[in-house]
Every structure is written in structure tokens, then in C-alpha cells.
>>> print(open('final_31.tsv').read())   # TSV, C-alpha atoms and all ligand atoms
chain	number	residue	atom	x	y	z
A	1	MET	CA	24.01	6.73	-21.41
A	2	THR	CA	21.43	6.82	-18.57
A	3	ALA	CA	21.17	3.65	-16.49
A	4	THR	CA	17.59	2.36	-16.15
A	5	LYS	CA	16.49	1.68	-12.60
A	6	SER	CA	15.33	-1.84	-11.84
A	7	PRO	CA	12.43	-2.34	-9.45
A	8	VAL	CA	13.02	-4.31	-6.26
A	9	LEU	CA	9.48	-5.68	-6.28
A	10	GLU	CA	7.26	-5.69	-9.32
A	11	ALA	CA	3.74	-6.94	-10.02
A	12	THR	CA	2.42	-7.40	-13.54
A	13	GLY	CA	-1.24	-8.01	-14.39
A	14	LEU	CA	-2.15	-9.03	-10.85
A	15	SER	CA	-5.77	-10.11	-10.34
A	16	LYS	CA	-7.60	-11.60	-7.38
A	17	HIS	CA	-11.12	-13.00	-7.57
A	18	PHE	CA	-12.85	-14.50	-4.53
A	19	THR	CA	-15.68	-16.97	-4.79
A	20	VAL	CA	-18.44	-16.37	-2.25
A	21	ARG	CA	-21.68	-18.16	-1.57
A	22	GLY	CA	-24.87	-16.04	-1.52
A	23	ARG	CA	-26.79	-15.92	1.77
A	24	GLY	CA	-29.39	-18.72	1.99
A	25	THR	CA	-28.53	-20.04	-1.45
A	26	ALA	CA	-26.11	-22.54	-2.93
A	27	ARG	CA	-25.24	-20.15	-5.76
A	28	HIS	CA	-21.71	-18.89	-5.93
A	29	ALA	CA	-20.68	-15.41	-6.95
A	30	VAL	CA	-17.27	-14.05	-7.89
A	31	VAL	CA	-15.90	-10.92	-6.24
A	32	HIS	CA	-13.51	-9.11	-8.60
A	33	ALA	CA	-11.40	-7.63	-5.78
A	34	VAL	CA	-8.36	-6.75	-7.93
A	35	ASP	CA	-8.05	-6.76	-11.71
A	36	ASP	CA	-4.94	-6.29	-13.83
A	37	VAL	CA	-2.81	-4.33	-11.36
A	38	SER	CA	0.81	-3.59	-12.32
A	39	LEU	CA	3.17	-1.84	-9.89
A	40	ALA	CA	6.91	-1.35	-9.53
A	41	LEU	CA	8.61	-0.47	-6.24
A	42	PHE	CA	12.12	1.03	-6.27
A	43	ALA	CA	14.85	1.13	-3.61
A	44	GLY	CA	14.72	4.28	-1.47
A	45	GLU	CA	11.42	5.46	-3.00
A	46	VAL	CA	7.91	5.77	-1.61
A	47	THR	CA	5.01	4.74	-3.84
A	48	ALA	CA	1.52	5.67	-2.66
A	49	LEU	CA	-1.41	3.40	-3.51
A	50	VAL	CA	-4.53	5.51	-3.00
A	51	GLY	CA	-8.20	4.58	-3.01
A	52	GLU	CA	-11.43	4.40	-1.02
A	53	SER	CA	-12.32	1.49	1.24
A	54	GLY	CA	-13.08	-1.51	-0.94
A	55	SER	CA	-10.96	-0.29	-3.87
A	56	GLY	CA	-8.70	-3.34	-3.57
A	57	LYS	CA	-5.56	-1.64	-2.27
A	58	SER	CA	-5.23	-3.82	0.86
A	59	THR	CA	-5.77	-6.93	-1.28
A	60	VAL	CA	-2.87	-5.76	-3.48
A	61	ALA	CA	-0.68	-5.51	-0.34
A	62	ARG	CA	-1.61	-9.04	0.73
A	63	LEU	CA	-0.93	-10.38	-2.75
A	64	LEU	CA	2.49	-8.67	-2.81
A	65	ALA	CA	3.20	-10.13	0.64
A	66	GLN	CA	2.15	-13.54	-0.80
A	67	LEU	CA	-0.32	-14.09	2.03
A	68	MET	CA	-2.83	-15.28	-0.58
A	69	PRO	CA	-2.42	-16.67	-4.08
A	70	ALA	CA	-3.19	-14.40	-7.02
A	71	THR	CA	-5.85	-15.53	-9.51
A	72	SER	CA	-3.49	-14.40	-12.27
A	73	GLY	CA	-0.45	-12.22	-12.77
A	74	VAL	CA	3.20	-12.32	-11.88
A	75	ILE	CA	5.27	-11.05	-8.93
A	76	ARG	CA	9.01	-10.50	-9.40
A	77	LEU	CA	11.49	-9.89	-6.59
A	78	ARG	CA	14.75	-8.38	-7.88
A	79	GLY	CA	13.77	-9.48	-11.38
A	80	GLU	CA	13.03	-13.09	-10.49
A	81	GLU	CA	9.49	-14.42	-10.80
A	82	ILE	CA	8.46	-15.83	-7.45
A	83	THR	CA	5.47	-17.61	-5.96
A	84	VAL	CA	5.74	-18.86	-2.39
A	85	ARG	CA	3.21	-20.49	-0.09
A	86	ARG	CA	4.92	-21.82	3.02
A	87	GLY	CA	8.12	-23.25	4.45
A	88	LYS	CA	11.67	-21.99	3.95
A	89	ARG	CA	10.99	-20.14	0.70
A	90	PHE	CA	8.08	-18.26	2.27
A	91	ARG	CA	10.22	-17.30	5.30
A	92	ALA	CA	13.00	-16.07	2.99
A	93	TYR	CA	10.45	-14.01	1.02
A	94	VAL	CA	9.02	-12.51	4.22
A	95	ARG	CA	12.52	-11.45	5.24
A	96	SER	CA	12.69	-9.39	2.04
A	97	VAL	CA	9.08	-8.20	1.89
A	98	GLN	CA	7.49	-7.07	5.14
A	99	LEU	CA	3.83	-6.11	5.61
A	100	MET	CA	2.84	-3.55	8.25
A	101	LEU	CA	-0.82	-3.41	9.27
A	102	GLN	CA	-3.10	-0.50	10.06
A	103	ASP	CA	-3.66	-1.51	13.69
A	104	PRO	CA	-0.67	-3.38	15.07
A	105	PHE	CA	-2.25	-3.88	18.51
A	106	GLY	CA	-3.86	-7.20	17.60
A	107	SER	CA	-0.56	-8.55	16.28
A	108	PHE	CA	1.32	-8.02	19.57
A	109	ASN	CA	1.31	-10.65	22.30
A	110	PRO	CA	-0.35	-8.72	25.17
A	111	VAL	CA	1.68	-10.55	27.85
A	112	GLN	CA	5.04	-10.12	26.14
A	113	THR	CA	7.16	-7.00	26.55
A	114	ILE	CA	8.21	-4.99	23.52
A	115	GLY	CA	11.78	-6.20	23.99
A	116	GLY	CA	10.51	-9.81	24.11
A	117	THR	CA	8.51	-9.30	20.89
A	118	LEU	CA	11.53	-7.94	19.02
A	119	ARG	CA	13.88	-10.61	20.44
A	120	ARG	CA	11.46	-13.33	19.28
A	121	VAL	CA	11.44	-11.98	15.70
A	122	LEU	CA	15.24	-11.78	15.66
A	123	ARG	CA	15.59	-15.36	17.00
A	124	MET	CA	13.06	-16.69	14.45
A	125	HIS	CA	15.18	-15.21	11.69
A	126	GLY	CA	18.41	-16.77	12.91
A	127	ARG	CA	20.12	-13.97	14.87
A	128	ASP	CA	22.37	-15.24	17.63
A	129	ASN	CA	21.89	-14.26	21.26
A	130	ALA	CA	25.06	-12.17	21.36
A	131	GLU	CA	23.76	-9.62	18.87
A	132	ILE	CA	20.06	-9.67	19.80
A	133	THR	CA	20.14	-7.21	22.75
A	134	GLU	CA	22.27	-4.77	20.81
A	135	THR	CA	19.96	-5.02	17.78
A	136	VAL	CA	16.81	-4.43	19.90
A	137	ASP	CA	18.39	-1.25	21.32
A	138	ARG	CA	19.42	-0.09	17.83
A	139	LEU	CA	15.95	-0.72	16.37
A	140	LEU	CA	14.17	1.17	19.17
A	141	THR	CA	16.59	4.08	18.74
A	142	GLU	CA	16.03	4.05	14.99
A	143	VAL	CA	12.27	4.54	15.48
A	144	ASN	CA	12.92	7.31	18.04
A	145	LEU	CA	11.83	5.37	21.13
A	146	THR	CA	14.60	6.39	23.49
A	147	PRO	CA	16.05	5.53	25.87
A	148	PRO	CA	15.51	2.03	24.44
A	149	ALA	CA	15.63	0.25	27.81
A	150	GLN	CA	12.60	2.24	28.95
A	151	TYR	CA	10.48	0.96	26.03
A	152	ALA	CA	11.88	-2.59	25.82
A	153	GLY	CA	10.44	-3.38	29.25
A	154	ARG	CA	6.92	-2.13	28.52
A	155	PHE	CA	3.85	-4.10	27.43
A	156	PRO	CA	1.82	-3.11	24.34
A	157	HIS	CA	-1.08	-1.70	26.41
A	158	GLU	CA	1.35	0.69	28.14
A	159	LEU	CA	2.15	2.43	24.84
A	160	SER	CA	0.23	5.05	22.84
A	161	GLY	CA	-1.05	4.28	19.32
A	162	GLY	CA	1.86	6.19	17.77
A	163	GLN	CA	4.42	4.35	19.91
A	164	ARG	CA	2.86	0.99	18.99
A	165	GLN	CA	3.07	1.88	15.31
A	166	ARG	CA	6.77	2.76	15.80
A	167	ILE	CA	7.27	-0.66	17.43
A	168	SER	CA	5.51	-2.19	14.45
A	169	ILE	CA	8.00	-0.41	12.16
A	170	ALA	CA	10.91	-1.63	14.32
A	171	ARG	CA	9.58	-5.20	14.14
A	172	ALA	CA	9.38	-4.98	10.34
A	173	LEU	CA	12.92	-3.59	10.14
A	174	ALA	CA	14.31	-6.30	12.45
A	175	VAL	CA	14.82	-8.61	9.47
A	176	ASN	CA	16.42	-5.94	7.24
A	177	PRO	CA	13.76	-6.11	4.51
A	178	ASP	CA	14.18	-4.69	1.01
A	179	VAL	CA	10.47	-3.86	0.72
A	180	LEU	CA	8.00	-2.50	3.27
A	181	LEU	CA	4.28	-2.66	2.50
A	182	ALA	CA	2.62	-0.21	4.89
A	183	ASP	CA	-1.17	-0.66	4.85
A	184	GLU	CA	-2.82	2.55	6.15
A	185	PRO	CA	0.00	2.98	8.71
A	186	VAL	CA	-1.34	6.22	10.21
A	187	SER	CA	-5.10	6.12	9.65
A	188	MET	CA	-5.83	4.98	13.24
A	189	LEU	CA	-3.54	7.58	14.82
A	190	ASP	CA	-4.39	11.05	16.07
A	191	VAL	CA	-3.91	13.64	13.35
A	192	SER	CA	-1.29	15.37	15.53
A	193	ILE	CA	1.07	12.38	15.48
A	194	ARG	CA	0.52	11.14	11.91
A	195	LEU	CA	3.11	13.43	10.39
A	196	GLY	CA	5.81	12.22	12.79
A	197	VAL	CA	5.23	8.57	11.81
A	198	LEU	CA	5.09	9.39	8.08
A	199	ASN	CA	8.31	11.42	8.29
A	200	LEU	CA	9.96	8.53	10.14
A	201	LEU	CA	8.89	6.08	7.40
A	202	ALA	CA	10.20	8.41	4.66
A	203	LYS	CA	13.53	8.84	6.48
A	204	LEU	CA	13.93	5.09	6.97
A	205	ALA	CA	13.09	4.41	3.31
A	206	ALA	CA	15.84	6.83	2.24
A	207	GLU	CA	18.45	5.70	4.79
A	208	ARG	CA	17.87	1.97	4.34
A	209	ALA	CA	17.16	2.10	0.59
A	210	LEU	CA	13.78	0.53	1.32
A	211	ALA	CA	11.19	0.23	-1.42
A	212	LEU	CA	8.14	1.49	0.45
A	213	LEU	CA	4.51	1.02	-0.59
A	214	TYR	CA	2.33	3.49	1.32
A	215	ILE	CA	-1.32	2.43	1.15
A	216	THR	CA	-3.77	5.17	2.03
A	217	HIS	CA	-7.21	6.64	1.40
A	218	ASP	CA	-5.72	10.13	1.94
A	219	ILE	CA	-4.54	11.46	-1.41
A	220	ALA	CA	-3.37	14.74	0.17
A	221	SER	CA	-0.73	12.89	2.24
A	222	ALA	CA	0.49	11.08	-0.89
A	223	ARG	CA	1.56	14.42	-2.40
A	224	TYR	CA	3.88	15.24	0.48
A	225	PHE	CA	5.12	11.76	1.24
A	226	ALA	CA	5.40	9.69	-1.95
A	227	THR	CA	7.51	10.00	-5.11
A	228	THR	CA	4.93	8.17	-7.19
A	229	THR	CA	1.17	7.90	-6.69
A	230	VAL	CA	-1.14	5.26	-8.13
A	231	VAL	CA	-4.92	5.57	-7.74
A	232	MET	CA	-7.25	2.55	-7.57
A	233	TYR	CA	-10.98	2.45	-8.12
A	234	ALA	CA	-13.18	-0.64	-7.75
A	235	GLY	CA	-10.26	-3.06	-8.09
A	236	ARG	CA	-8.55	-1.38	-11.04
A	237	MET	CA	-5.73	1.14	-11.36
A	238	VAL	CA	-7.08	4.33	-12.90
A	239	GLU	CA	-4.20	6.83	-12.77
A	240	GLY	CA	-0.53	6.96	-11.88
A	241	GLY	CA	2.60	9.06	-12.14
A	242	PRO	CA	4.73	11.52	-10.17
A	243	SER	CA	2.81	12.42	-6.97
A	244	GLU	CA	3.03	16.16	-7.56
A	245	VAL	CA	1.42	15.81	-11.00
A	246	VAL	CA	-1.24	13.24	-10.03
A	247	THR	CA	-2.38	15.29	-7.03
A	248	GLN	CA	-2.11	18.76	-8.58
A	249	GLN	CA	-3.16	18.02	-12.17
A	250	PRO	CA	-5.29	14.88	-11.85
A	251	ALA	CA	-6.34	13.58	-15.28
A	252	HIS	CA	-8.90	10.90	-14.39
A	253	PRO	CA	-12.37	12.14	-13.36
A	254	TYR	CA	-12.29	9.87	-10.29
A	255	THR	CA	-8.93	11.26	-9.11
A	256	GLN	CA	-10.27	14.76	-9.71
A	257	LEU	CA	-13.20	14.05	-7.39
A	258	LEU	CA	-10.91	12.41	-4.82
A	259	VAL	CA	-8.57	15.43	-4.83
A	260	ALA	CA	-11.48	17.88	-4.68
A	261	SER	CA	-12.89	16.14	-1.61
A	262	ALA	CA	-9.53	15.98	0.26
A	263	PRO	CA	-8.55	18.91	2.48
A	264	ASP	CA	-5.30	20.46	1.27
A	265	PRO	CA	-4.24	23.91	2.49
A	266	GLY	CA	-1.92	24.31	-0.52
A	267	ARG	CA	-4.77	24.07	-3.05
A	268	PRO	CA	-7.81	26.28	-3.67
A	269	LEU	CA	-11.10	24.55	-2.88
A	270	ALA	CA	-12.63	22.86	-5.92
A	271	PRO	CA	-16.34	22.10	-6.15
A	272	VAL	CA	-17.39	18.60	-5.12
A	273	PRO	CA	-20.60	17.34	-6.72
A	274	PRO	CA	-23.71	17.15	-4.51
A	275	GLY	CA	-23.59	13.86	-2.61
A	276	GLY	CA	-19.77	13.83	-2.68
A	277	LEU	CA	-18.15	10.84	-4.33
A	278	GLY	CA	-21.27	8.66	-4.15
A	279	ALA	CA	-21.05	4.93	-3.50
A	280	PRO	CA	-18.56	2.59	-5.18
A	281	PRO	CA	-20.02	-0.27	-7.27
A	282	SER	CA	-20.46	-3.88	-6.17
A	283	LEU	CA	-17.41	-5.93	-7.09
A	284	ILE	CA	-19.57	-9.05	-7.49
A	285	ASP	CA	-20.99	-7.67	-10.69
A	286	PRO	CA	-18.83	-4.66	-11.50
A	287	PRO	CA	-19.96	-2.28	-14.25
A	288	GLN	CA	-18.90	-3.21	-17.78
A	289	GLY	CA	-16.43	-0.95	-19.56
A	290	CYS	CA	-14.99	1.70	-17.26
A	291	ARG	CA	-16.01	0.78	-13.72
A	292	PHE	CA	-16.40	4.45	-12.88
A	293	HIS	CA	-18.96	5.15	-15.61
A	294	PRO	CA	-22.11	5.04	-13.40
A	295	ARG	CA	-20.62	7.88	-11.30
A	296	CYS	CA	-18.70	9.73	-13.97
A	297	PRO	CA	-20.02	13.17	-14.95
A	298	LEU	CA	-18.07	13.02	-18.25
A	299	ALA	CA	-18.90	9.47	-19.42
A	300	LEU	CA	-18.91	8.81	-23.17
A	301	PRO	CA	-21.03	6.11	-24.87
A	302	LYS	CA	-18.02	3.75	-25.25
A	303	CYS	CA	-17.27	4.04	-21.48
A	304	THR	CA	-20.18	1.68	-20.75
A	305	THR	CA	-18.83	-1.13	-22.94
A	306	GLU	CA	-15.04	-0.86	-23.35
A	307	VAL	CA	-12.43	-0.99	-20.59
A	308	PRO	CA	-10.13	2.02	-21.08
A	309	PRO	CA	-6.44	1.13	-21.34
A	310	LYS	CA	-3.69	3.26	-19.80
A	311	PHE	CA	-3.08	6.39	-21.87
A	312	THR	CA	0.30	8.08	-21.36
A	313	LEU	CA	-0.22	11.82	-21.07
A	314	ALA	CA	1.75	14.28	-23.14
A	315	GLY	CA	4.35	16.51	-21.49
A	316	THR	CA	4.43	14.77	-18.13
A	317	ASN	CA	7.06	12.31	-17.05
A	318	GLY	CA	5.34	8.94	-16.63
A	319	HIS	CA	1.85	10.31	-16.00
A	320	TRP	CA	-0.96	8.08	-17.28
A	321	ALA	CA	-4.72	7.72	-16.94
A	322	ALA	CA	-7.04	4.84	-17.81
A	323	CYS	CA	-9.79	7.04	-19.23
A	324	TRP	CA	-11.21	7.36	-22.74
A	325	LEU	CA	-11.10	11.17	-22.46
A	326	HIS	CA	-7.33	10.92	-22.97
A	327	GLU	CA	-7.39	8.65	-26.00
A	328	LYS	CA	-6.59	11.47	-28.41
A	329	SER	CA	-4.09	13.29	-26.21
A	330	GLU	CA	-1.81	10.29	-25.68
A	331	SER	CA	1.88	11.28	-26.06
B	1	LIG	FE1	-15.46	8.74	-17.13
B	1	LIG	FE2	-15.34	7.35	-19.41
B	1	LIG	FE3	-13.12	8.29	-18.34
B	1	LIG	FE4	-14.41	6.28	-17.20
B	1	LIG	S1	-13.42	6.25	-19.22
B	1	LIG	S2	-13.58	8.03	-16.18
B	1	LIG	S3	-16.54	6.82	-17.59
B	1	LIG	S4	-14.84	9.48	-19.15
>>> encode(input="final_31.tsv", output="C-alpha cells", more="lines below")
Ligand code: SF4
Amino acid sequence: MTATKSPVLEATGLSKHFTVRGRGTARHAVVHAVDDVSLALFAGEVTALVGESGSGKSTVARLLAQLMPATSGVIRLRGEEITVRRGKRFRAYVRSVQLMLQDPFGSFNPVQTIGGTLRRVLRMHGRDNAEITETVDRLLTEVNLTPPAQYAGRFPHELSGGQRQRISIARALAVNPDVLLADEPVSMLDVSIRLGVLNLLAKLAAERALALLYITHDIASARYFATTTVVMYAGRMVEGGPSEVVTQQPAHPYTQLLVASAPDPGRPLAPVPPGGLGAPPSLIDPPQGCRFHPRCPLALPKCTTEVPPKFTLAGTNGHWAACWLHEKSES
């Protein structure tokens, strides 16, 4: 009998709507930032959440980190439904689920050394003084900043972008989390050093049995880095499955355009329509039915009125697409 894996962190039907006031008017509008997102993160595995700016992927990360309340939906940590806002329960949750931001510079105290920043985190989470110095050295070594003493005494402005992102990883690991939510962790780094940081994250996920959510707009990197890839468009999940399948045999027309427009030396160039991907829709009044229908070259009449559910695709392990084109081919 095969044992079924249980997710460490799981979201079911997560939605987030923001109410905003129109400029110069008292009227309120609702921004549908995230609608009906379900995700499962497993120990030692990398899951990529891919989408353009404004697709809702960073909002999903903040919801999973419980930095904002969800409008609806459920979050489960190790199978237990959990909603936290502040206080002890929030601190305990943060110890298990860490969020890493795109640009860590703003989150460092500019007048505190790197060693001081890491010591502060360890003290806040109850480590005693005897083990703190040793732990700081171990963390810096783990993120390949050696010799550790040389980096512990530096200030954030004395480090490169890649070194700061490694410190940001060390800070997240300081509390031994089960889950790491990495929001565009390499998008602000030089291309030449991105691979090193991604490889480090993958190695740490495997060694520490971390459930890692890798949020990115770069679908090509998801193929090489993540076990599973989920694609978001205009606040909704549109496709998901094993990364190799999603990136090499994309089933949803949006993913196909995303893949075609991403440079990938391992894939022949596919034609991208004139004008590229075009502009995503407003989330204040998103299109009815499939949100991609105004840009979709293959739209059917029902696409304008009915939201496509997830269709599981035949012959592929866990590959699905929320697209009416796959209604008949569901396995
Ligand atoms: Fe295109 Fe329709 Fe599929 Fe949406 S559901 S991607 S509009 S074919």
C-alpha cells in the first residue's frame, strides 16, 4: 500500500477582496485580488507559483503568512485549520511559516550589523545567549557566507544584493521554520548570481525538509527549480501540475503564451502573438466567465459567461487546467 503524503501547509478556496474608494468619489469598489486559490506545500519540495505582476501571487503569500485576513477560505498547518492575528499564536505560526521578501534591504536595520540582526531574531524566539553566537555562525555558513565572522560584523549597505538575500534566507532559517514563502527571491538580483541563490534555496529545502513556495514571474526558472508549478492569472489559478509537464506541454492558452514569451535555451522558439501577452484585466471589475477570455485566441462562446473549473488532464500525473478546451479530454 502506498502512503499518501500530507501537506505541511495547505490552502483551500482562499479568496481576498479589497474595498477601495474611487478617486474624488465616495463610491467604493471591490478589488478581486485572489479568488478560490487552493495550494498544498510538502516537506522537502519546491512549489512554484507563477504569474505576471498583479496576478495575485504575492497576495497569496501574504495570506499564507497570515499577514492579512482572507475574505474566505481555509489555511491548514499540519492538517489543523488555523487563523491567527497577533500575540503568542501569531508568533508560533511565524516560527513555522516564514515569508522572505523580494528586496530584503528595507527590512534590515541599517545601523545594526548582520550578526546583530540574526542575534535579535534568535533572542526574540527564545534562544539563550549561550547558543546564539554558535547559531549565527552556523546560519552564515549554511548560506555560504564564510568565514562567518567576516560577515557578522558588516552592515547591510556593505553587502551585495546576493549577499543580502543570503542573509535574508539565514534570518528566515534562524527559527527553524517548516515552510518558507519566498516572494520573487531573485528578481532584483543580477542574472549572474540568481542561479546560485536558487540552488541554495533548493539545497536547503531538501536538507531541512522545508516546504518551499517559490513565487516568480519567470516560468522558465520554475522548470529547473520546482517540483510542482501552479500558474495564476488575474487572481485565479489557471493551470498546475509537475513543473516539467506544465512548462513543456502547457495546456492552458495563457500558460502557452507565458512559456512562448519566456527565454529558454532548451526549447525551440514558439511564436508570440503581435503585442505579446497584452494587458491583464482590471481586478475591480474582472471579466465574467474565464478571466482570460478577452485575450484568449481560442475563446469559446461559453468562456464569456461560465468560470471554467479545473479539468484533470489524461495521461499526466496531477496535471490540470482551468479551461473549457479541456472539458472533453478530462481523465
Ligand atoms: Fe481561452 Fe476559454 Fe480556455 Fe479561457 S476557458 S483560456 S477563454 S478557451
>>> residues_around(input="final_31.tsv", residues="A:Leu298", least_positions_apart="3", cutoff="12 Å", atoms="all atoms listed in the file", output="PyMOL selection string")
chain A and resi 252-254+256-257+290+292-295+301-304+323-326
>>> residues_around(input="final_31.tsv", residues="A:Asn199", least_positions_apart="6", cutoff="12 Å", atoms="all atoms listed in the file", output="PyMOL selection string")
chain A and resi 46+143-144+166+185-186+193+205-206+221+224-226
>>> closest_residue(input="final_31.tsv", among="A:Leu63, A:Val238, A:Val259, A:Met124", to="ligand LIG 1 (chain B)", atoms="all atoms listed in the file")
A:Val238
>>> axis_aligned_box(input="final_31.tsv", around="stretch 307-325 of chain A", padding_each_side="3 Å", output="AutoDock Vina command-line options")
--center_x -2.7 --center_y 7.8 --center_z -19.6 --size_x 25.5 --size_y 23.5 --size_z 13.1
>>> residues_around(input="final_31.tsv", residues="stretch 148-150 of chain A", least_positions_apart="5", cutoff="12 Å", atoms="only C-alpha atoms", output="list in words")
Thr113, Ile114, Gly115, Gly116, Thr133, Glu134, Thr135, Val136, Asp137, Arg138, Leu139, Leu140, Thr141, Glu142, Val143, Phe155, Glu158, Leu159, Ile167 and Ala170 of chain A
>>> closest_residue(input="final_31.tsv", among="A:Ala234, A:Val34, A:Ala202, A:Ala40", to="ligand LIG 1 (chain B)", atoms="only C-alpha atoms and all ligand atoms")
A:Ala234
>>> atom_distance(input="final_31.tsv", atom1="atom CA of A:Gln248", atom2="atom CA of A:Tyr214")
18.7 Å
>>> decode(input="final_31.tsv", residues="stretch 307-316 of chain A", atoms="all heavy atoms", output="PDB file, in the first residue's frame")
ATOM      1  N   VAL A 307     -17.356  30.300 -15.507  1.00  0.00           N
ATOM      2  CA  VAL A 307     -15.994  30.132 -14.987  1.00  0.00           C
ATOM      3  C   VAL A 307     -15.583  28.674 -15.197  1.00  0.00           C
ATOM      4  O   VAL A 307     -16.267  27.758 -14.734  1.00  0.00           O
ATOM      5  CB  VAL A 307     -15.938  30.470 -13.478  1.00  0.00           C
ATOM      6  CG1 VAL A 307     -14.525  30.232 -12.929  1.00  0.00           C
ATOM      7  CG2 VAL A 307     -16.384  31.897 -13.224  1.00  0.00           C
ATOM      8  N   PRO A 308     -14.477  28.426 -15.901  1.00  0.00           N
ATOM      9  CA  PRO A 308     -14.080  27.022 -16.103  1.00  0.00           C
ATOM     10  C   PRO A 308     -13.560  26.403 -14.816  1.00  0.00           C
ATOM     11  O   PRO A 308     -12.760  27.025 -14.114  1.00  0.00           O
ATOM     12  CB  PRO A 308     -12.962  27.114 -17.154  1.00  0.00           C
ATOM     13  CG  PRO A 308     -12.446  28.508 -17.066  1.00  0.00           C
ATOM     14  CD  PRO A 308     -13.561  29.374 -16.567  1.00  0.00           C
ATOM     15  N   PRO A 309     -14.005  25.195 -14.493  1.00  0.00           N
ATOM     16  CA  PRO A 309     -13.433  24.514 -13.327  1.00  0.00           C
ATOM     17  C   PRO A 309     -12.090  23.883 -13.710  1.00  0.00           C
ATOM     18  O   PRO A 309     -11.675  23.953 -14.860  1.00  0.00           O
ATOM     19  CB  PRO A 309     -14.470  23.426 -13.024  1.00  0.00           C
ATOM     20  CG  PRO A 309     -15.078  23.115 -14.349  1.00  0.00           C
ATOM     21  CD  PRO A 309     -15.028  24.379 -15.167  1.00  0.00           C
ATOM     22  N   LYS A 310     -11.444  23.244 -12.734  1.00  0.00           N
ATOM     23  CA  LYS A 310     -10.183  22.550 -13.042  1.00  0.00           C
ATOM     24  C   LYS A 310     -10.506  21.248 -13.759  1.00  0.00           C
ATOM     25  O   LYS A 310     -11.282  20.443 -13.238  1.00  0.00           O
ATOM     26  CB  LYS A 310      -9.472  22.166 -11.741  1.00  0.00           C
ATOM     27  CG  LYS A 310      -8.823  23.289 -11.017  1.00  0.00           C
ATOM     28  CD  LYS A 310      -8.158  22.689  -9.780  1.00  0.00           C
ATOM     29  CE  LYS A 310      -7.534  23.724  -8.908  1.00  0.00           C
ATOM     30  NZ  LYS A 310      -6.923  23.116  -7.708  1.00  0.00           N
ATOM     31  N   PHE A 311      -9.924  21.025 -14.918  1.00  0.00           N
ATOM     32  CA  PHE A 311     -10.070  19.740 -15.601  1.00  0.00           C
ATOM     33  C   PHE A 311      -8.758  18.977 -15.482  1.00  0.00           C
ATOM     34  O   PHE A 311      -7.695  19.513 -15.848  1.00  0.00           O
ATOM     35  CB  PHE A 311     -10.412  19.940 -17.078  1.00  0.00           C
ATOM     36  CG  PHE A 311     -11.766  20.585 -17.281  1.00  0.00           C
ATOM     37  CD1 PHE A 311     -11.878  21.885 -17.754  1.00  0.00           C
ATOM     38  CD2 PHE A 311     -12.934  19.885 -16.982  1.00  0.00           C
ATOM     39  CE1 PHE A 311     -13.120  22.483 -17.929  1.00  0.00           C
ATOM     40  CE2 PHE A 311     -14.185  20.473 -17.159  1.00  0.00           C
ATOM     41  CZ  PHE A 311     -14.277  21.772 -17.632  1.00  0.00           C
ATOM     42  N   THR A 312      -8.829  17.740 -14.948  1.00  0.00           N
ATOM     43  CA  THR A 312      -7.636  16.903 -14.842  1.00  0.00           C
ATOM     44  C   THR A 312      -7.339  16.337 -16.216  1.00  0.00           C
ATOM     45  O   THR A 312      -8.246  15.857 -16.905  1.00  0.00           O
ATOM     46  CB  THR A 312      -7.888  15.761 -13.838  1.00  0.00           C
ATOM     47  OG1 THR A 312      -8.319  16.348 -12.619  1.00  0.00           O
ATOM     48  CG2 THR A 312      -6.621  14.959 -13.597  1.00  0.00           C
ATOM     49  N   LEU A 313      -6.077  16.411 -16.629  1.00  0.00           N
ATOM     50  CA  LEU A 313      -5.730  16.024 -17.995  1.00  0.00           C
ATOM     51  C   LEU A 313      -5.288  14.572 -18.063  1.00  0.00           C
ATOM     52  O   LEU A 313      -4.550  14.104 -17.178  1.00  0.00           O
ATOM     53  CB  LEU A 313      -4.647  16.947 -18.535  1.00  0.00           C
ATOM     54  CG  LEU A 313      -5.069  18.428 -18.488  1.00  0.00           C
ATOM     55  CD1 LEU A 313      -3.928  19.324 -18.876  1.00  0.00           C
ATOM     56  CD2 LEU A 313      -6.256  18.671 -19.413  1.00  0.00           C
ATOM     57  N   ALA A 314      -5.736  13.910 -19.102  1.00  0.00           N
ATOM     58  CA  ALA A 314      -5.457  12.474 -19.241  1.00  0.00           C
ATOM     59  C   ALA A 314      -3.968  12.212 -19.439  1.00  0.00           C
ATOM     60  O   ALA A 314      -3.276  12.983 -20.106  1.00  0.00           O
ATOM     61  CB  ALA A 314      -6.236  11.923 -20.433  1.00  0.00           C
ATOM     62  N   GLY A 315      -3.491  11.133 -18.828  1.00  0.00           N
ATOM     63  CA  GLY A 315      -2.136  10.646 -19.092  1.00  0.00           C
ATOM     64  C   GLY A 315      -1.025  11.400 -18.397  1.00  0.00           C
ATOM     65  O   GLY A 315       0.140  11.127 -18.597  1.00  0.00           O
ATOM     66  N   THR A 316      -1.354  12.399 -17.607  1.00  0.00           N
ATOM     67  CA  THR A 316      -0.298  13.140 -16.908  1.00  0.00           C
ATOM     68  C   THR A 316      -0.605  13.147 -15.422  1.00  0.00           C
ATOM     69  O   THR A 316      -1.740  13.359 -15.016  1.00  0.00           O
ATOM     70  CB  THR A 316      -0.202  14.589 -17.416  1.00  0.00           C
ATOM     71  OG1 THR A 316      -1.494  15.158 -17.395  1.00  0.00           O
ATOM     72  CG2 THR A 316       0.379  14.648 -18.805  1.00  0.00           C
TER      73      THR A 316
END
